Amino acid sequence: MTAGRFAPSPSGDLHVGNLRTALLAWLFARSTGRRFLVRMEDLDRVRPGAADRQLADLAALGLDWDGPVVHQSDRTDRYDAAIATLVGRDLAYECFCTRREIREAASAPHPDPSFPQRIGADGAYPGTCRSLTAEQVRHRRATGRPSALRLRAAVDRWTADDMLTGPFTGAVDDLVLRRNDGVAAYNLAVVVDDAAQGVDQVVRGDDLLTSAPRQAYLAGLLDLPPVRYAHVPLALNRQRQRLAKRDGAVTLADLAAAGRSAVDVLALLARSAGLAGPDEHPTPADLLPRFDPSALPRDPWIVDPAALVTT
Ligand code: GLU
């Protein structure tokens with residue numbers, strides 16, 4: 001059976017923007033008869049206790065999920081296997097660049113004229129280590145500098161299928177498969193996990209829209225089925241910057257301390273998505289028959305934290 005999912009990084013508490021994305025992911029999945037899965041993307045900054053608090057917050061809103069929560073940190077073998085497949089097909093190479101070197105190289109002319117579009121486009125890797133000779137690789141290894149593993153991409157653009165924005169074409173570069181600390185990179189892990197978990201519907205914040213072409217391309221290379229994306233608008237503060245905890249009472253715990261229950265917050269989220277009237281307190285299930293992806297607001301949700309506790 002197919003599935004949708006919510007895949008938070010347990011780096012802190014979820015704020016109302018994250019919770020709204022979770023609600024929409026739940027609605028997309030449940031309204032289309034899919035399972036709804038939760039995956040903890042814990043390959044990066046983890047704050048102790050954050051994963052449990054995130055799950056408790058989802059449950060408090062009435063969002064349920066199917067099966068056990070998957071943790072990426074338990075799935076190293078799967079990532080290694082996918083990387084080995086790509087290495088076996090000569091689709092990966094070692095990269096010794098530091099972030100700074102990449103930044104500098106991206107603004108300089110590229111020595112290899114066959115990759116002119118890659119230079120600096122959309123933060124793309126400029127291909128510095130792509131054509132190192134075996135001797136150069138040996139030399140760099142000998143310096144003790146740790147290497148990352150990058151994909152040898154054969155395209156520089158790809159199109160992903162998005163239900164809200166329509167087909168989205170964006171940059172593909174020699175993305176990192178394994179970081180230089182030995183951990184699988186985000187793009188690789190997401191693609192491997194979504195396929196392994198039967199996920200064919202990916203609903204997430206539109207800050208990740210530009211990652212979709214890279215992920216769709218990588219999935220194809222690994223012979224994994226394509227997914228349909230729905231990148232939903234983010235929550236922004238009144239200065240139209242991405243909402244953050246420093247903006248005020250924006251987590252469920254903060255709002256509870258200010259007297260707003262989870263039921264109130266769900267009503268707020270539903271209203272923000274055009275799914276509830278001002279005096280209603282619907283459950284997630286109440287929203288299912290009203291949910292119409294084509295009627296979702298396409299603009300960012302502007303959040304005034306002061307108003308969250310008063311309205
Ligand atoms: N873990 C990512 C985040 O919290 C989301 C990744 C995804 O949904 O593909 O931003």
# chains A, B, ... in the order shown; residues from 1 in each chain; ligands from 1

$ closest_atom_pairs --of "chain A" --to "ligand 1" --cutoff "8 Å" --atoms "only C-alpha atoms and all ligand atoms" --output "JSON lines"
{"residue": "A:Arg5", "atom": "CA", "partner": "ligand 1", "partner_atom_place_in_ligand_line": "8 (O)", "distance": 7.8}
{"residue": "A:Phe6", "atom": "CA", "partner": "ligand 1", "partner_atom_place_in_ligand_line": "8 (O)", "distance": 6.3}
{"residue": "A:Ala7", "atom": "CA", "partner": "ligand 1", "partner_atom_place_in_ligand_line": "8 (O)", "distance": 4.9}
{"residue": "A:Pro8", "atom": "CA", "partner": "ligand 1", "partner_atom_place_in_ligand_line": "4 (O)", "distance": 3.9}
{"residue": "A:Ser9", "atom": "CA", "partner": "ligand 1", "partner_atom_place_in_ligand_line": "4 (O)", "distance": 4.2}
{"residue": "A:Pro10", "atom": "CA", "partner": "ligand 1", "partner_atom_place_in_ligand_line": "4 (O)", "distance": 7.7}
{"residue": "A:Met40", "atom": "CA", "partner": "ligand 1", "partner_atom_place_in_ligand_line": "1 (N)", "distance": 7.3}
{"residue": "A:Glu41", "atom": "CA", "partner": "ligand 1", "partner_atom_place_in_ligand_line": "1 (N)", "distance": 5.1}
{"residue": "A:Tyr186", "atom": "CA", "partner": "ligand 1", "partner_atom_place_in_ligand_line": "6 (C)", "distance": 7.9}
{"residue": "A:Val190", "atom": "CA", "partner": "ligand 1", "partner_atom_place_in_ligand_line": "9 (O)", "distance": 5.9}
{"residue": "A:Val202", "atom": "CA", "partner": "ligand 1", "partner_atom_place_in_ligand_line": "8 (O)", "distance": 6.8}
{"residue": "A:Val203", "atom": "CA", "partner": "ligand 1", "partner_atom_place_in_ligand_line": "8 (O)", "distance": 6.8}
{"residue": "A:Arg204", "atom": "CA", "partner": "ligand 1", "partner_atom_place_in_ligand_line": "8 (O)", "distance": 5.0}
{"residue": "A:Gly205", "atom": "CA", "partner": "ligand 1", "partner_atom_place_in_ligand_line": "8 (O)", "distance": 7.4}
{"residue": "A:Leu208", "atom": "CA", "partner": "ligand 1", "partner_atom_place_in_ligand_line": "9 (O)", "distance": 7.2}

$ residues_around --residues "A:Pro213" --least-positions-apart "6" --cutoff "7 Å" --atoms "only C-alpha atoms" --output "list in words"
Trp158, Thr159, Ala160, Thr169, Gly170, Ala171 and Val172 of chain A

$ atom_distance --atom1 "atom CA of A:Ala230" --atom2 "atom CA of A:Met1"
19.2 Å

$ residues_around --residues "A:Asp207" --least-positions-apart "5" --cutoff "10 Å" --atoms "only C-alpha atoms" --output "ChimeraX atom specification"
/A:231-234,242

$ write_last_selection --atoms "N, CA and C atoms" --output "mmCIF file, in the first residue's frame"
data_model
loop_
_atom_site.group_PDB
_atom_site.id
_atom_site.type_symbol
_atom_site.label_atom_id
_atom_site.label_comp_id
_atom_site.auth_asym_id
_atom_site.auth_seq_id
_atom_site.Cartn_x
_atom_site.Cartn_y
_atom_site.Cartn_z
ATOM 1 N N HIS A 231 4.819 20.587 -2.529
ATOM 2 C CA HIS A 231 5.593 21.513 -1.698
ATOM 3 C C HIS A 231 4.665 22.631 -1.252
ATOM 4 N N VAL A 232 4.439 22.689 0.055
ATOM 5 C CA VAL A 232 3.449 23.641 0.578
ATOM 6 C C VAL A 232 4.156 24.904 1.063
ATOM 7 N N PRO A 233 3.463 26.045 0.959
ATOM 8 C CA PRO A 233 4.108 27.304 1.363
ATOM 9 C C PRO A 233 4.517 27.267 2.842
ATOM 10 N N LEU A 234 5.605 27.933 3.119
ATOM 11 C CA LEU A 234 6.124 27.983 4.485
ATOM 12 C C LEU A 234 5.368 29.005 5.322
ATOM 13 N N ARG A 242 11.612 33.262 7.327
ATOM 14 C CA ARG A 242 11.144 31.965 7.770
ATOM 15 C C ARG A 242 10.864 31.976 9.279
#

$ atom_distance --atom1 "atom CA of A:His71" --atom2 "atom CA of A:Arg39"
5.9 Å

$ select_by_dssp --residues "stretch 115-237 of chain A" --states "strand (DSSP E)" --output "number ranges by chain"
A: 148-151, 157-160, 168-171, 176-178, 199-205, 228-232, 235-236

$ select_by_dssp --residues "stretch 98-280 of chain A" --states "helix (DSSP H, G or I)" --output "number ranges by chain"
A: 99-106, 116-118, 121-123, 134-142, 186-196, 206-221, 245-247, 252-257, 262-272

$ residues_around --residues "A:Arg89" --least-positions-apart "5" --cutoff "12 Å" --atoms "only C-alpha atoms" --output "compact mmCIF listing (two decimals) with N, CA and C atoms, in the first residue's frame"
# COMPACT_ATOMS: atom_id res chain seq x y z
N ALA A 82 22.85 1.41 -1.29
CA ALA A 82 22.54 2.29 -2.43
C ALA A 82 23.83 2.95 -2.94
N ILE A 83 24.66 3.38 -2.00
CA ILE A 83 25.92 4.02 -2.42
C ILE A 83 26.80 3.01 -3.15
N ALA A 84 26.81 1.77 -2.66
CA ALA A 84 27.63 0.74 -3.31
C ALA A 84 27.14 0.50 -4.75
N LEU A 151 27.92 12.22 -6.32
CA LEU A 151 27.33 11.61 -7.50
C LEU A 151 27.96 12.19 -8.76
N ARG A 152 28.25 11.34 -9.72
CA ARG A 152 28.69 11.82 -11.03
C ARG A 152 27.43 12.00 -11.88
N ALA A 153 26.83 13.18 -11.79
CA ALA A 153 25.55 13.40 -12.47
C ALA A 153 25.77 13.56 -13.97
N LEU A 221 18.13 7.02 -11.05
CA LEU A 221 19.41 6.31 -11.21
C LEU A 221 19.42 5.01 -10.40
N LEU A 222 18.74 5.03 -9.27
CA LEU A 222 18.70 3.85 -8.41
C LEU A 222 17.55 2.91 -8.76

$ residues_around --residues "A:Val183" --least-positions-apart "2" --cutoff "12 Å" --atoms "only C-alpha atoms" --output "list in words"
Asp42, Leu43, Asp44, Gln72, Ser73, Asp74, Arg75, Thr76, Asp77, Tyr79, Asp80, Ile83, Ser147, Ala148, Leu149, Val176, Leu177, Arg178, Arg179, Asn180, Asp181, Ala185, Tyr186, Asn187, Leu188 and Ala189 of chain A

$ write_last_selection --atoms "N, CA and C atoms" --output "mmCIF file, in the first residue's frame"
data_model
loop_
_atom_site.group_PDB
_atom_site.id
_atom_site.type_symbol
_atom_site.label_atom_id
_atom_site.label_comp_id
_atom_site.auth_asym_id
_atom_site.auth_seq_id
_atom_site.Cartn_x
_atom_site.Cartn_y
_atom_site.Cartn_z
ATOM 1 N N ASP A 42 17.357 11.960 11.541
ATOM 2 C CA ASP A 42 18.275 12.258 12.643
ATOM 3 C C ASP A 42 19.739 12.008 12.268
ATOM 4 N N LEU A 43 20.073 12.251 11.004
ATOM 5 C CA LEU A 43 21.473 12.077 10.595
ATOM 6 C C LEU A 43 22.295 13.331 10.882
ATOM 7 N N ASP A 44 21.599 14.387 11.267
ATOM 8 C CA ASP A 44 22.253 15.673 11.496
ATOM 9 C C ASP A 44 21.935 16.130 12.907
ATOM 10 N N GLN A 72 16.378 7.453 10.790
ATOM 11 C CA GLN A 72 17.410 7.271 9.751
ATOM 12 C C GLN A 72 18.709 6.740 10.327
ATOM 13 N N SER A 73 18.993 7.074 11.574
ATOM 14 C CA SER A 73 20.270 6.610 12.158
ATOM 15 C C SER A 73 20.315 5.087 12.288
ATOM 16 N N ASP A 74 19.147 4.410 12.154
ATOM 17 C CA ASP A 74 19.139 2.937 12.213
ATOM 18 C C ASP A 74 19.303 2.314 10.833
ATOM 19 N N ARG A 75 19.413 3.113 9.815
ATOM 20 C CA ARG A 75 19.264 2.570 8.458
ATOM 21 C C ARG A 75 20.533 2.678 7.610
ATOM 22 N N THR A 76 21.649 2.737 8.281
ATOM 23 C CA THR A 76 22.925 2.902 7.585
ATOM 24 C C THR A 76 23.148 1.840 6.503
ATOM 25 N N ASP A 77 22.736 0.598 6.791
ATOM 26 C CA ASP A 77 22.978 -0.482 5.828
ATOM 27 C C ASP A 77 22.307 -0.210 4.486
ATOM 28 N N TYR A 79 21.572 2.713 3.216
ATOM 29 C CA TYR A 79 22.256 3.806 2.513
ATOM 30 C C TYR A 79 23.562 3.293 1.908
ATOM 31 N N ASP A 80 24.262 2.460 2.696
ATOM 32 C CA ASP A 80 25.525 1.899 2.187
ATOM 33 C C ASP A 80 25.274 1.084 0.917
ATOM 34 N N ILE A 83 24.660 3.379 -2.005
ATOM 35 C CA ILE A 83 25.922 4.017 -2.415
ATOM 36 C C ILE A 83 26.798 3.010 -3.149
ATOM 37 N N SER A 147 37.373 12.707 2.806
ATOM 38 C CA SER A 147 36.663 12.975 1.556
ATOM 39 C C SER A 147 35.180 12.677 1.715
ATOM 40 N N ALA A 148 34.394 13.415 0.943
ATOM 41 C CA ALA A 148 32.975 13.080 0.784
ATOM 42 C C ALA A 148 32.863 12.265 -0.501
ATOM 43 N N LEU A 149 31.703 11.650 -0.710
ATOM 44 C CA LEU A 149 31.472 10.947 -1.961
ATOM 45 C C LEU A 149 30.368 11.687 -2.705
ATOM 46 N N VAL A 176 26.195 15.462 -2.921
ATOM 47 C CA VAL A 176 26.902 14.601 -1.968
ATOM 48 C C VAL A 176 26.042 13.377 -1.653
ATOM 49 N N LEU A 177 26.678 12.206 -1.721
ATOM 50 C CA LEU A 177 26.012 10.958 -1.354
ATOM 51 C C LEU A 177 26.376 10.555 0.071
ATOM 52 N N ARG A 178 27.664 10.723 0.367
ATOM 53 C CA ARG A 178 28.136 10.434 1.719
ATOM 54 C C ARG A 178 28.990 11.608 2.162
ATOM 55 N N ARG A 179 28.671 12.157 3.326
ATOM 56 C CA ARG A 179 29.386 13.334 3.817
ATOM 57 C C ARG A 179 30.801 12.950 4.233
ATOM 58 N N ASN A 180 31.617 13.954 4.443
ATOM 59 C CA ASN A 180 33.003 13.625 4.781
ATOM 60 C C ASN A 180 33.179 13.162 6.232
ATOM 61 N N ASP A 181 32.057 13.122 6.991
ATOM 62 C CA ASP A 181 32.114 12.461 8.297
ATOM 63 C C ASP A 181 31.622 11.017 8.204
ATOM 64 N N ALA A 185 24.290 11.269 3.112
ATOM 65 C CA ALA A 185 23.799 12.644 2.939
ATOM 66 C C ALA A 185 22.273 12.641 2.847
ATOM 67 N N TYR A 186 21.711 13.789 3.198
ATOM 68 C CA TYR A 186 20.243 13.945 3.223
ATOM 69 C C TYR A 186 19.575 13.467 1.937
ATOM 70 N N ASN A 187 20.053 13.951 0.765
ATOM 71 C CA ASN A 187 19.365 13.611 -0.486
ATOM 72 C C ASN A 187 19.330 12.106 -0.738
ATOM 73 N N LEU A 188 20.419 11.445 -0.420
ATOM 74 C CA LEU A 188 20.500 9.995 -0.636
ATOM 75 C C LEU A 188 19.556 9.284 0.329
ATOM 76 N N ALA A 189 19.602 9.666 1.601
ATOM 77 C CA ALA A 189 18.804 8.974 2.616
ATOM 78 C C ALA A 189 17.306 9.124 2.336
#

$ closest_residue --among "A:Val192, A:Leu268, A:Leu164, A:Ala258" --to "A:Pro297" --atoms "only C-alpha atoms"
A:Leu164
